[in-house]
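Asks: Sharing protein30.txt (compact mmCIF, C-alpha atoms) below.
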# COMPACT_ATOMS: atom_id res chain seq x y z
CA MET W 35 21.83 23.99 -10.93
CA ALA W 36 23.29 23.33 -7.49
CA LEU W 37 26.47 21.33 -7.32
CA ARG W 38 25.88 17.80 -6.09
CA SER W 39 27.48 16.66 -2.85
CA LYS W 40 29.47 13.47 -2.41
CA THR W 41 26.46 11.94 -0.68
CA ALA W 42 24.25 12.73 -3.67
CA ASP W 43 26.77 11.18 -6.05
CA ARG W 44 26.97 8.07 -3.88
CA VAL W 45 23.18 7.76 -3.86
CA LEU W 46 23.19 7.80 -7.65
CA ARG W 47 25.92 5.17 -7.80
CA ALA W 48 24.08 3.04 -5.24
CA LEU W 49 20.88 3.19 -7.31
CA ASP W 50 22.60 2.36 -10.60
CA ARG W 51 21.97 -1.29 -11.50
CA SER W 52 25.22 -1.37 -13.46
CA THR W 53 27.36 -0.45 -10.44
CA PRO W 54 29.81 -3.32 -9.72
CA ALA W 55 28.96 -5.64 -6.82
CA ASP W 56 32.13 -4.76 -4.88
CA GLU W 57 31.33 -1.04 -5.12
CA LEU W 58 27.78 -1.67 -3.88
CA ALA W 59 29.22 -3.63 -0.96
CA ASP W 60 31.47 -0.69 -0.11
CA LEU W 61 28.60 1.80 -0.40
CA SER W 62 26.52 -0.34 1.96
CA THR W 63 28.93 0.52 4.78
CA GLN W 64 28.74 4.30 4.34
CA ARG W 65 27.67 6.43 7.30
CA SER W 66 24.90 8.04 5.27
CA GLY W 67 21.61 6.26 5.81
CA GLU W 68 20.41 7.55 2.43
CA VAL W 69 23.32 5.86 0.66
CA ARG W 70 22.77 2.57 2.50
CA GLU W 71 19.05 2.74 1.74
CA ALA W 72 19.81 3.29 -1.95
CA VAL W 73 22.00 0.17 -1.93
CA ALA W 74 19.23 -1.76 -0.18
CA LEU W 75 16.81 -0.65 -2.91
CA ASN W 76 18.98 -1.69 -5.85
CA PRO W 77 17.88 -5.10 -7.26
CA ALA W 78 21.46 -5.66 -8.44
CA THR W 79 22.78 -5.60 -4.89
CA PRO W 80 24.27 -9.01 -3.97
CA VAL W 81 22.18 -11.13 -1.59
CA ALA W 82 25.01 -11.22 0.96
CA VAL W 83 24.93 -7.42 1.13
CA LEU W 84 21.14 -7.40 1.45
CA VAL W 85 21.41 -9.88 4.33
CA ALA W 86 23.72 -7.48 6.15
CA LEU W 87 21.45 -4.50 5.42
CA ALA W 88 18.42 -6.41 6.72
CA GLY W 89 20.09 -6.09 10.13
CA ASP W 90 21.05 -2.43 9.64
CA ARG W 91 20.73 -0.06 12.58
CA SER W 92 18.25 1.99 10.54
CA ASP W 93 14.71 0.65 10.31
CA ASP W 94 14.31 2.36 6.92
CA VAL W 95 17.37 0.63 5.50
CA ALA W 96 16.39 -2.76 6.92
CA SER W 97 12.83 -2.47 5.62
CA THR W 98 14.06 -1.47 2.16
CA ALA W 99 16.37 -4.49 2.06
CA ALA W 100 13.45 -6.77 2.96
CA HIS W 101 11.43 -5.26 0.11
CA ASN W 102 14.24 -5.45 -2.44
CA LEU W 103 12.84 -6.97 -5.63
CA SER W 104 15.68 -9.53 -5.58
CA ALA W 105 15.36 -10.42 -1.88
CA THR W 106 15.43 -14.12 -0.98
CA ARG W 107 14.45 -16.24 2.00
CA GLU W 108 17.94 -15.62 3.37
CA VAL W 109 17.31 -11.86 3.44
CA TRP W 110 13.90 -12.21 5.07
CA ASP W 111 15.27 -14.61 7.68
CA ALA W 112 17.96 -12.04 8.51
CA ALA W 113 15.30 -9.35 8.94
CA LEU W 114 13.28 -11.64 11.20
CA GLU W 115 16.35 -12.40 13.31
CA ALA W 116 16.98 -8.66 13.61
CA GLY W 117 13.46 -8.18 15.03
CA ARG W 118 11.99 -6.66 11.86
CA ARG W 119 8.94 -8.93 11.59
CA TRP W 120 6.90 -5.86 10.73
CA ALA W 121 9.05 -5.23 7.64
CA VAL W 122 8.83 -8.82 6.39
CA ALA W 123 5.07 -8.97 7.00
CA GLN W 124 4.54 -6.17 4.47
CA VAL W 125 6.33 -7.96 1.62
CA THR W 126 3.70 -9.14 -0.86
CA TRP W 127 5.65 -12.00 -2.49
CA LEU W 128 6.84 -14.02 0.50
CA PRO W 129 6.94 -17.84 0.31
CA THR W 130 3.69 -19.45 1.41
CA GLU W 131 5.14 -20.97 4.57
CA MET W 132 6.48 -17.60 5.77
CA VAL W 133 3.15 -15.85 5.17
CA ASP W 134 1.28 -18.60 7.02
CA GLU W 135 3.61 -18.24 9.99
CA LEU W 136 3.22 -14.46 10.12
CA ALA W 137 -0.57 -14.73 9.74
CA GLY W 138 -0.60 -16.65 13.00
CA ASP W 139 1.75 -14.25 14.80
CA GLY W 140 0.87 -13.37 18.38
CA ASP W 141 1.21 -9.67 17.60
CA ALA W 142 -2.01 -8.28 16.11
CA GLU W 143 -0.06 -5.57 14.28
CA ILE W 144 1.86 -8.22 12.35
CA ARG W 145 -1.39 -10.00 11.44
CA ARG W 146 -2.83 -6.67 10.31
CA MET W 147 0.14 -6.11 7.99
CA VAL W 148 -0.27 -9.59 6.53
CA ALA W 149 -3.95 -8.91 5.88
CA GLU W 150 -3.01 -5.74 4.00
CA ALA W 151 -0.19 -7.30 1.98
CA THR W 152 -1.38 -10.79 1.09
CA ALA W 153 -2.79 -11.67 -2.30
CA ARG W 154 -4.25 -14.92 -0.98
CA PRO W 155 -8.04 -14.98 -0.52
CA ASP W 156 -7.76 -17.91 1.92
CA LEU W 157 -5.61 -15.86 4.28
CA VAL W 158 -7.90 -12.84 4.02
CA ARG W 159 -10.81 -15.11 4.91
CA LEU W 160 -8.91 -16.38 7.95
CA LEU W 161 -7.90 -12.90 9.12
CA ALA W 162 -11.42 -11.52 8.53
CA ALA W 163 -12.43 -13.59 11.56
CA ASP W 164 -9.58 -12.28 13.73
CA PRO W 165 -10.62 -11.12 17.22
CA GLU W 166 -8.72 -7.84 16.77
CA THR W 167 -10.66 -5.04 15.09
CA ALA W 168 -7.60 -3.62 13.29
CA VAL W 169 -6.93 -6.96 11.62
CA ARG W 170 -10.51 -7.24 10.38
CA VAL W 171 -10.33 -3.66 9.11
CA ALA W 172 -7.28 -4.59 7.03
CA ALA W 173 -9.01 -7.70 5.70
CA ALA W 174 -12.05 -5.61 4.77
CA GLY W 175 -9.88 -3.33 2.65
CA SER W 176 -8.12 -6.13 0.79
CA ASP W 177 -8.58 -6.61 -2.94
CA ALA W 178 -8.08 -10.33 -2.26
CA ALA W 179 -11.26 -10.52 -0.18
CA ASP W 180 -14.01 -12.65 -1.71
CA LEU W 181 -17.51 -11.18 -1.87
CA ASP W 182 -18.94 -13.43 0.85
CA VAL W 183 -16.14 -12.29 3.17
CA LEU W 184 -16.86 -8.65 2.40
CA LEU W 185 -20.58 -9.11 3.02
CA SER W 186 -19.89 -10.66 6.39
CA LEU W 187 -17.63 -7.72 7.28
CA LEU W 188 -20.32 -5.26 6.21
CA ALA W 189 -22.35 -6.75 9.06
CA ASP W 190 -19.48 -6.66 11.58
CA ARG W 191 -20.30 -5.43 15.07
CA ARG W 192 -17.62 -2.73 14.86
CA ARG W 193 -18.32 0.35 12.74
CA GLU W 194 -14.62 0.64 11.79
CA VAL W 195 -14.82 -2.74 10.07
CA ARG W 196 -18.11 -1.96 8.33
CA ALA W 197 -16.66 1.34 7.11
CA ALA W 198 -13.54 -0.37 5.73
CA ALA W 199 -15.66 -2.93 3.88
CA ALA W 200 -17.86 -0.13 2.54
CA ARG W 201 -14.78 1.48 0.99
CA ASN W 202 -13.86 -1.71 -0.86
CA ASP W 203 -14.66 -1.24 -4.54
CA ALA W 204 -15.44 -4.93 -4.94
CA VAL W 205 -18.72 -4.57 -3.03
CA PRO W 206 -21.65 -4.33 -5.48
CA VAL W 207 -23.72 -1.16 -5.41
CA GLU W 208 -26.87 -2.96 -4.26
CA HIS W 209 -25.13 -3.95 -1.03
CA LEU W 210 -23.67 -0.48 -0.50
CA GLU W 211 -27.12 1.06 -0.93
CA ARG W 212 -28.32 -0.81 2.14
CA LEU W 213 -25.73 1.00 4.24
CA ALA W 214 -27.78 4.17 3.89
CA GLY W 215 -29.61 2.74 6.89
CA ASP W 216 -26.50 1.99 8.95
CA PRO W 217 -26.76 3.54 12.42
CA SER W 218 -23.18 4.84 12.23
CA ALA W 219 -22.52 8.10 10.40
CA ASP W 220 -18.92 6.93 9.99
CA VAL W 221 -20.07 4.00 7.88
CA ARG W 222 -22.43 6.11 5.77
CA TRP W 223 -19.69 8.70 5.29
CA ALA W 224 -17.30 5.95 4.16
CA VAL W 225 -19.76 4.97 1.43
CA VAL W 226 -20.20 8.44 -0.04
CA ILE W 227 -16.54 9.45 0.21
CA ALA W 228 -15.21 6.22 -1.32
CA HIS W 229 -17.58 5.98 -4.29
CA PRO W 230 -18.02 9.45 -5.83
CA ASP W 231 -18.07 7.84 -9.28
CA LYS W 232 -21.32 5.98 -8.55
CA PRO W 233 -24.18 8.52 -8.85
CA GLU W 234 -26.83 5.82 -8.53
CA LEU W 235 -25.42 5.06 -5.08
CA GLN W 236 -25.04 8.69 -3.98
CA ARG W 237 -28.75 9.34 -4.50
CA HIS W 238 -29.53 7.10 -1.54
CA PHE W 239 -27.72 9.54 0.77
CA LEU W 240 -29.29 12.83 -0.33
CA ASP W 241 -31.67 12.75 2.65
CA ASP W 242 -29.14 11.51 5.21
CA ALA W 243 -29.48 12.80 8.76
CA ASP W 244 -25.88 14.05 8.61
CA GLU W 245 -25.43 17.36 6.80
CA ASP W 246 -21.88 16.58 5.61
CA ILE W 247 -23.02 13.31 4.08
CA ARG W 248 -25.92 15.02 2.31
CA ASP W 249 -23.61 17.74 0.97
CA HIS W 250 -21.05 15.26 -0.29
CA ALA W 251 -23.70 13.15 -2.01
CA ARG W 252 -25.13 16.25 -3.65
CA GLU W 253 -21.70 17.36 -4.87
CA ALA W 254 -21.04 13.90 -6.27
CA LEU W 255 -24.20 14.20 -8.35
CA GLU W 256 -23.56 17.78 -9.45
CA ARG W 257 -19.87 17.23 -10.26
CA PRO W 258 -19.37 13.62 -11.37
CA ALA W 259 -16.03 12.05 -10.53
CA ARG W 260 -13.77 9.97 -12.73
CA ARG W 261 -11.83 7.08 -11.21
CA VAL W 262 -8.06 7.09 -11.84
CA ASP W 263 -6.21 3.87 -11.03
CA ARG W 264 -2.51 4.49 -10.49
CA GLU W 265 0.19 2.06 -11.51
CA ASP W 266 1.25 1.60 -7.88
CA GLY W 267 -2.20 0.33 -6.88
CA THR W 268 -3.55 3.56 -5.42
CA THR W 269 -6.77 5.15 -6.64
CA ASP W 270 -7.71 8.79 -7.07
CA PHE W 271 -10.92 10.48 -8.14
CA VAL W 272 -10.90 13.55 -10.34
CA ARG W 273 -14.00 15.72 -10.45
CA GLU W 274 -15.13 17.75 -13.44
CA GLY W 275 -13.16 21.00 -13.46
CA ASP W 276 -10.23 19.55 -11.51
CA GLU W 277 -6.91 18.75 -13.12
CA ASP W 278 -4.95 15.53 -12.69
CA ASP W 279 -1.38 16.81 -12.72
CA GLY W 280 0.44 13.75 -11.40
CA LEU W 281 3.62 13.89 -9.36
CA GLY W 282 7.28 13.72 -10.21
CA TRP W 283 10.69 14.98 -9.12
CA GLU W 284 12.63 17.71 -10.81
CA GLU W 285 15.95 17.13 -12.53
CA ASP W 286 17.49 20.00 -10.57
CA TRP W 287 18.13 18.84 -7.03
CA ASP W 288 20.56 19.74 -4.29
CA GLU W 289 22.25 17.68 -1.61
CA ASP W 290 19.19 17.78 0.65
CA ASP W 291 16.81 16.65 -2.11
CA LEU W 292 16.49 12.88 -2.43
CA GLY W 293 14.49 13.08 -5.66
CA PRO W 294 16.25 10.21 -7.46
CA LEU W 295 15.91 7.93 -4.42
CA ASP W 296 12.21 8.73 -4.06
CA ALA W 297 11.64 8.33 -7.79
CA GLU W 298 13.29 4.90 -7.80
CA MET W 299 11.15 3.89 -4.80
CA ASP W 300 8.06 4.96 -6.75
CA ARG W 301 9.11 2.91 -9.77
CA GLN W 302 9.71 -0.15 -7.64
CA ARG W 303 6.37 0.27 -5.86
CA VAL W 304 4.77 0.00 -9.28
CA GLU W 305 6.75 -3.16 -10.02
CA ALA W 306 5.91 -4.62 -6.60
CA HIS W 307 2.22 -3.90 -7.21
CA SER W 308 2.43 -5.69 -10.54
CA ARG W 309 3.90 -8.71 -8.78
CA ARG W 310 1.09 -8.68 -6.26
CA LEU W 311 -1.54 -8.50 -9.00
CA ALA W 312 0.10 -11.46 -10.73
CA LEU W 313 -0.10 -13.44 -7.49
CA LEU W 314 -3.73 -12.48 -7.01
CA GLU W 315 -4.52 -13.49 -10.58
CA ALA W 316 -2.81 -16.84 -10.01
CA THR W 317 -4.84 -17.55 -6.88
CA ARG W 318 -8.13 -16.67 -8.56
CA GLY W 319 -7.42 -18.13 -11.96
CA GLY W 320 -8.21 -14.97 -13.87
CA PRO W 321 -7.09 -11.36 -14.47
CA ALA W 322 -6.99 -9.22 -11.34
CA ALA W 323 -8.31 -5.69 -11.42
CA GLY W 324 -5.94 -2.88 -10.70
Is it possible to give me this structure as structure tokens?
Replies:
Amino acid sequence: MALRSKTADRVLRALDRSTPADELADLSTQRSGEVREAVALNPATPVAVLVALAGDRSDDVASTAAHNLSATREVWDAALEAGRRWAVAQVTWLPTEMVDELAGDGDAEIRRMVAEATARPDLVRLLAADPETAVRVAAAGSDAADLDVLLSLLADRRREVRAAAARNDAVPVEHLERLAGDPSADVRWAVVIAHPDKPELQRHFLDDADEDIRDHAREALERPARRVDREDGTTDFVREGDEDDGLGWEEDWDEDDLGPLDAEMDRQRVEAHSRRLALLEATRGGPAAG
């Protein structure tokens, strides 16, 4: 096993939730961006330190501070003041008034991020009518989108929006089947590539004008896929004969390997996704899928 460097040791101390507050404060001033990012990730880091890190010279450090599971309005305000609206807009558990303000931002990229992050169906409905295509695409991919919103986006004038809505698993098969007649190959491709676990749907694309679409539909029927929902909210499909190995970091790591930092980020993404699902469940009054 390679000997660990001082930086690696500091990353481990910065990630440790039992590290004393004064030591975390000291680590937050280190030259190493990896060490500062590890401090910003630690939920035990004092709010005052997170506020300082939200204005860090590194975008990665500032964004991590904004996404800290213990971040407060004070931290998010500091990030906004430092010009990191994009980082705050991606946080899924912001106070209602902050989300509303960002949803009306003059920058379409900020509105797009809100559409991706929010667990509020009312905001997705609002952003689904946004004049910017990228914002409607994000709304179409949201698991907080109600069915009537998704159906309206399936009829959007832009193929990018229709394709994004077609990839949303909340759209019933009978509505996806109708997209076999969509004039855009991009939309039809989105249907077959996003739903390989729905053989009854794939049959509608066996005679598609596009050879790639026909081939993919045929493969989906010959080698059925199994849906695998990850704890962090992502979805994979595993076909018969393929193995689902999963990912992880090795215990043996050298000074250039940030395995523990990446692993902690993965764990917190899972926790953040759980928070978002809880918010979605609260807004809909029932269990959220995912």
Asks: Mind checking which residues fall within 12 Å of Ser92 of chain W, counting only C-alpha atoms, ignoring those fewer than 4 positions away in the same chain, and posting them as a PyMOL selection string?
Replies: chain W and resi 65-71+74+86-88+96-99+113+116+118
Asks: Please determine the residues with any atom at most 7 Å from (17.1, -11.9, 5.1) (coordinates as given in the file, with all atoms listed in the file counting) and report them as a PyMOL selection string.
Replies: chain W and resi 85+88+100+106-113
Asks: List as a short mmCIF file (atom, residue, chain, number, x, y, z; two decimals) with C-alpha atoms, in the coordinates of the input the protein and nucleic acid residues near segment 186-195 of chain W, meaning an atom at most 7 Å away when all atoms listed in the file are counted, but skip any in the same chain fewer than 3 places from it.
Replies:
data_model
loop_
_atom_site.label_atom_id
_atom_site.label_comp_id
_atom_site.auth_asym_id
_atom_site.auth_seq_id
_atom_site.Cartn_x
_atom_site.Cartn_y
_atom_site.Cartn_z
CA THR W 167 -10.66 -5.04 15.09
CA ARG W 170 -10.51 -7.24 10.38
CA VAL W 171 -10.33 -3.66 9.11
CA ALA W 174 -12.05 -5.61 4.77
CA ASP W 182 -18.94 -13.43 0.85
CA VAL W 183 -16.14 -12.29 3.17
CA ALA W 198 -13.54 -0.37 5.73
CA ALA W 199 -15.66 -2.93 3.88
CA ALA W 200 -17.86 -0.13 2.54
CA SER W 218 -23.18 4.84 12.23
CA VAL W 221 -20.07 4.00 7.88
#
Asks: Fewer than 5 positions away in the same chain doesn't count, so skip those; otherwise give me all residues within 12 Å of His250 of chain W, counting all atoms listed in the file, as a PyMOL selection string.
Replies: chain W and resi 222-230+233+236-242+244-245+255-259
Asks: Hey, which of W:Val272, W:Leu128, W:Asp266, W:Glu305 ends up closest to Asp231 of chain W? Count all atoms listed in the file.
Replies: W:Val272
Asks: I'd like to know which of W:Glu115, W:Asp296, W:Glu265, W:Glu253 is closest to Asp90 of chain W, using all atoms listed in the file.
Replies: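 Of W:Glu115, W:Asp296, W:Glu265, W:Glu253, the one nearest Asp90 of chain W, counting all atoms listed in the file, is W:Glu115.
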Asks: So that I can check the surroundings of Thr53 of chain W, please list as a list of chain:residue names every protein, DNA and RNA residue that reaches within 12 Å of it, counting all atoms listed in the file and ignoring chain neighbours fewer than 2 positions away.
Replies: W:Arg44, W:Val45, W:Leu46, W:Arg47, W:Ala48, W:Leu49, W:Asp50, W:Arg51, W:Ala55, W:Asp56, W:Glu57, W:Leu58, W:Ala59, W:Asp60, W:Leu61, W:Ala72, W:Val73, W:Asn76, W:Pro77, W:Ala78, W:Thr79, W:Pro80
Asks: Can you work out the spacing between atom CA of Thr63 of chain W and atom CA of Leu75 of chain W in Å, to one decimal?
Replies: 14.4 Å
